[in-house]
Every structure is written in C-alpha cells, then in structure tokens.
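Single-structure report; data block below.
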Amino acid sequence: MLVYFIRRLVNVVAMLLVVSAVTFGIFFMVPKLTGTDPATYYVGKITDPAAIEGIRHKMGLDKSIPEQYYLFLKGLVVGRDYSTGVDVTNCAAPCFGYSFKTEREVWPVLLDRLGVTASLAAGASVLWLTFGTATGVVSALKRRTLLDRVTMTTALAGVSLPIYFTGMLASAVFVYQLGWFPHDYVELGTDPVAWFQNMLLPWITLAFLYAATYARLTRATLLEVLGEDYIRTARAKGLGERTVIGKHAMRSTLTPILTVFGMDLGALIGGAVLTESTFNFRGLGYEAVSSIASSDLPVIMGVTLFAGFFIILANLVVDVLYAVVDPRVRLA
C-alpha cells in the first residue's frame, strides 16, 4: 500500500509540474508569440516606453523564458522579490504575483475567496453523494416499478436543467417570493446559523444537478454488478440480500462513483463558476469571471493553478480509495 501511494504521489508532482508549465506558457509565452507584451497590462493606459520597460524589469519579463519559468516556480515554493532597482517588494510563498487591477498579492485574494467555494462544494457534495447514491440503489433494486420510473425521470430532469435556470428559479420562489431563505452570504465564523441558512438553497440546487448523475450512474452500475457470477454465488450460499448488496455488490459499484466524485469535487473547489454567479457568491469562480472580464492575468493564472491543484489532489485521493475499496488495485 505504501509503495502504491508513493508511486501515485510521484505522478501527482509530475502532473503539477506539467500544469504549471502549460499555464505559464499560456499566460506568458503565447502573448509574446502574438506580439503582445504582458507588461502593458500592468501600466494600463500609460504608453510611456520607459514605464513599460521599468515594469518589464521589475516583473522579470526582460529575462529569457526558461529564467522566467524558473523564477515562477521559485516564487511558488520559496517566494519572490520584485525589484525596481531602488525598492524591493517581497512576495511570500506561494507567490502567484500581483493583480493588474488592485495590485494586491494574488494568493491572499485566492484564500479570501476559497472559504465561500469550499463551503458550497462541501455541503453540496455531501447531499448529492448521499441522496444520489441512495436513489440509484433503490431504483436498481426496484427495477421497472413505478418508483424506478419516477426517480429516473426526476434524475433526467436534474441532468437536463442547467444550474443557472434551477438556481434563478429557486431564488425567485424561495428567497424573494416566500422569503424562506436569506440572500446575503454570511461567514461561518460570524454566524454559523445564518451561514447554514444562506448556504442551504445553493446546496440543494447544486446537489439536485449532481445527484441526478449519481443516481443514474449508481443504478446502471449496480444492475450490471448484480448480474455477475460472484453475486449469484453469494446468494446461492444463503447470504442475506442486505449482505449481498452492501458487502459485495456495492464495493464494485463504488469504483466508478469514486472516479466521478473526485473529478466533480475537485472541479467545484477550483471554482463553481455558474453556481457562484447565479447566487452572487464571491468565491473562486466569481473571481475568475471578474478577472477574465478585466484581463487580470495573474489572478486568472492563480485560479487556474488553484483549480488544477485541487483536481489533481482529488484524483490522488480517489486513487488511494481505489486501493481501499478494491484490493485488486493494490495487487496490480
């Protein structure tokens, strides 16, 4: 198990390097190839060549691409100093640079937005994993009954309806018409009760979208597993149906569910763009949209790396859970 984990950890480090190299290339190499100088984004409407050259020197843009990438990686690990020749600005690790618009360090901005996104992703993931999987199991065991048809029709509606439609509809009805939920985000540390009340409707709305996918996936996988020889053998040995389903069938059913769950959770923590925009939550997704609209490249790059890190981390956790759920993975 330890060797398996170390091997996966090495793969994660390699993948993070690849993601950082691709991200750096998109935001620093591509503009140069197209004749655009990233330094012009820092000076805004100022076109003084001396000012642009000063920014290029301060940000290290006058160095070669390999040197720039080395300084970029160094900033992520140990921090970085931005010097104009007179003043020195220290950027503590992990250093993603400074925003073009606010001139704030990108990392504190990301941390400030992470709490909102993590709250949204954590609560919704618990709901969709619990209810989606349970619904899929019940539907598979009650195959071709009225309950099966109703649940699968509801799941089809959940998959088909986009989050901005269900979110706006839920807000219009339950927030503004009935007044059951507040509409102003409150920090967890400030008022836990108000935080929970505020997050409940976005959790349900987002979970409805994802739970539908998990219900359909669980039903299809469980029906396939129930036709396997080892399930018939377990039943022939006289094991109870609850033991057959819970101990034998569900272990094989969990493998594809873990795969999808890891990807979904990692992507959501990286920024639930549509959900945050719909409910006006200022999380990582909201920050990404705002930065794209204002061409704030350092923040966009920071969010991209942040999202990539969480997706890769989620894949690592899923790989480890594979080995826990299915011993064949460890043996392979």
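Ordered as shown in the structure tokens, chains take letters A, B, and onward, while each chain numbers its residues from 1 and ligands are numbered from 1 in the order shown.
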Return as a PyMOL selection string the full set of residues in range 143-255 of chain A whose backbone-based DSSP assignment is alpha helix (DSSP H). chain A and resi 146-160+163-170+192-226+229-236+241-243+250-255
Between A:Ala155, A:Trp203, A:Gly136, A:Trp195, which has the minimum distance to Glu276 in chain A (counting only C-alpha atoms)?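 Between A:Ala155, A:Trp203, A:Gly136, A:Trp195, the residue approaching Glu276 in chain A most closely is A:Trp203.
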Between A:Trp107, A:Gly246, A:Asp148, A:Ala51, which one has atoms that come closest to Met301 in chain A, using only C-alpha atoms? A:Trp107
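Proximity ranking of A:His183, A:Arg8, A:His248, A:Arg282 relative to Val318 in chain A places A:Arg8 first, based on only C-alpha atoms.
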What's around Pro94 in chain A at 6 Å? Count only C-alpha atoms, leave out sequence neighbours fewer than 6 positions away in its own chain, and write the answer as a list of chain:residue names.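 Non-adjacent residues within range: A:Leu76, A:Val77, A:Gly79.
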Since we have the selection now, will you write its residues out, keeping C-alpha atoms, as a JSON list (two decimals), in the first residue's frame?
```json
[["chain", "number", "residue", "atom", "x", "y", "z"],
["A", 76, "LEU", "CA", 5.58, 29.22, -5.74],
["A", 77, "VAL", "CA", 7.96, 27.36, -3.44],
["A", 79, "GLY", "CA", 8.62, 33.32, -2.57]]
```
Report as a PyMOL selection string all protein, DNA and RNA residues lying within 9 Å of range 37-44 of chain A, evaluated on only C-alpha atoms, omitting residues in the same chain fewer than 3 positions from it. chain A and resi 27-28+31-32+34+47-48+51-56+59+61+99-101+103+295-297
Can you list, as a PyMOL selection string, every protein, DNA or RNA residue that comes within 10 Å of Thr278 in chain A when you count only C-alpha atoms, leaving out same-chain residues fewer than 3 positions away? chain A and resi 163-168+171+202+273-275+281+286
